[in-house]
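Peer 1: My questions all concern the structure below.
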Amino acid sequence: MAEFCLECFHQLNGTHYTKADVIQDFDLCENCGEYKKCVVNLRGHDPMNVLIRFCINLISSTDWRK
Ligand SMILES: [Zn+2]
């Protein structure tokens, strides 16, 4: 499986995951060629994290200041 660092992962997939959304491990990024933390899996598959992310999205989509 190809491993990419979070920056390259975003570039390639057009995603905007935070470090909390992904499981990272030190590996060689196959895009930038640097040995750094790479995305090995997404936490989104965990039902609890899906629920948490849903809540975070709900909160962040509400502008409390208005
Ligand atoms: Zn990279």
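The chains in the structure tokens are called A, B, ... from first to last as shown; in each chain the residues are counted from 1, and the ligands are counted from 1 in the order shown.
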Compile the contact shell of segment 24-35 of chain A as a list of chain:residue names: residues with an atom at most 8 Å away, counting only C-alpha atoms, same-chain residues fewer than 6 positions apart removed.
Peer 2: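 Answer for this query is A:Ala2, A:Glu3, A:Phe4, A:Cys5, A:Cys8, A:Asn41.
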Peer 1: Export N, CA and C atoms of the chosen residues as an mmCIF file, in the first residue's frame?
Peer 2:
```cif
data_model
loop_
_atom_site.group_PDB
_atom_site.id
_atom_site.type_symbol
_atom_site.label_atom_id
_atom_site.label_comp_id
_atom_site.auth_asym_id
_atom_site.auth_seq_id
_atom_site.Cartn_x
_atom_site.Cartn_y
_atom_site.Cartn_z
ATOM 1 N N ALA A 2 0.538 2.186 -0.851
ATOM 2 C CA ALA A 2 1.299 3.436 -0.927
ATOM 3 C C ALA A 2 1.070 4.264 0.332
ATOM 4 N N GLU A 3 2.156 4.824 0.832
ATOM 5 C CA GLU A 3 2.054 5.667 2.019
ATOM 6 C C GLU A 3 2.363 7.115 1.643
ATOM 7 N N PHE A 4 1.550 8.014 2.123
ATOM 8 C CA PHE A 4 1.767 9.432 1.861
ATOM 9 C C PHE A 4 1.667 10.218 3.159
ATOM 10 N N CYS A 5 2.481 11.257 3.266
ATOM 11 C CA CYS A 5 2.370 12.127 4.428
ATOM 12 C C CYS A 5 1.057 12.907 4.322
ATOM 13 N N CYS A 8 0.811 15.489 1.431
ATOM 14 C CA CYS A 8 0.668 14.881 0.109
ATOM 15 C C CYS A 8 -0.686 14.189 -0.020
ATOM 16 N N ASN A 41 -4.004 5.019 7.976
ATOM 17 C CA ASN A 41 -5.425 4.678 8.004
ATOM 18 C C ASN A 41 -6.227 5.903 8.434
#
```
Peer 1: For the alpha helix (DSSP H) assignment from backbone DSSP, which residues of chain A qualify? Please present them as a list in words.
Peer 2: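 Of chain A, the ones in alpha helix (DSSP H) are Leu6, Glu7, Cys8, Phe9, His10, Gln11, Leu12, Asn13, Pro47, Met48, Asn49, Val50, Leu51, Ile52, Arg53, Phe54, Cys55, Ile56, Asn57, Leu58, Ile59 and Ser60 of chain A.
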Peer 1: Which residues in chain A does DSSP call strand (DSSP E)? List them as a PyMOL selection string.
Peer 2: chain A and resi 4-5+22-28+35-42
Peer 1: Could you tell me how far atom CA of Leu12 of chain A lies from atom CA of Val39 of chain A, in Å and to one decimal?
Peer 2: 12.3 Å
Peer 1: Counting only C-alpha atoms, which of A:Thr62, A:Lys36, A:Ile56, A:Leu42 gets nearest to Lys19 of chain A?
Peer 2: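 Answer, going by the shortest atom-to-atom distance: A:Leu42.
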Peer 1: Which residue is closest to ligand 1? Choose from A:Leu58, A:Ile23, A:Cys38, A:Ile52 and count only C-alpha atoms and all ligand atoms.
Peer 2: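 Among the listed residues, A:Cys38 lies closest to ligand 1.
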Peer 1: Could you please determine the separation between atom CA of Leu6 of chain A and atom CA of Arg53 of chain A in Å, to one decimal place?
Peer 2: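 Calculated distance between atom CA of Leu6 of chain A and atom CA of Arg53 of chain A is 18.0 Å.
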Peer 1: Taking only C-alpha atoms and all ligand atoms into account, which of A:Thr15, A:Lys37, A:Ser61, A:Cys55 comes nearest ligand 1?
Peer 2: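 Once distances to ligand 1 are computed over only C-alpha atoms and all ligand atoms, the minimum belongs to A:Lys37.
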Peer 1: For the atom pair atom CA of Asp21 of chain A and atom CA of Ile59 of chain A, what is the interatomic distance in Å to one decimal place?
Peer 2: 16.5 Å
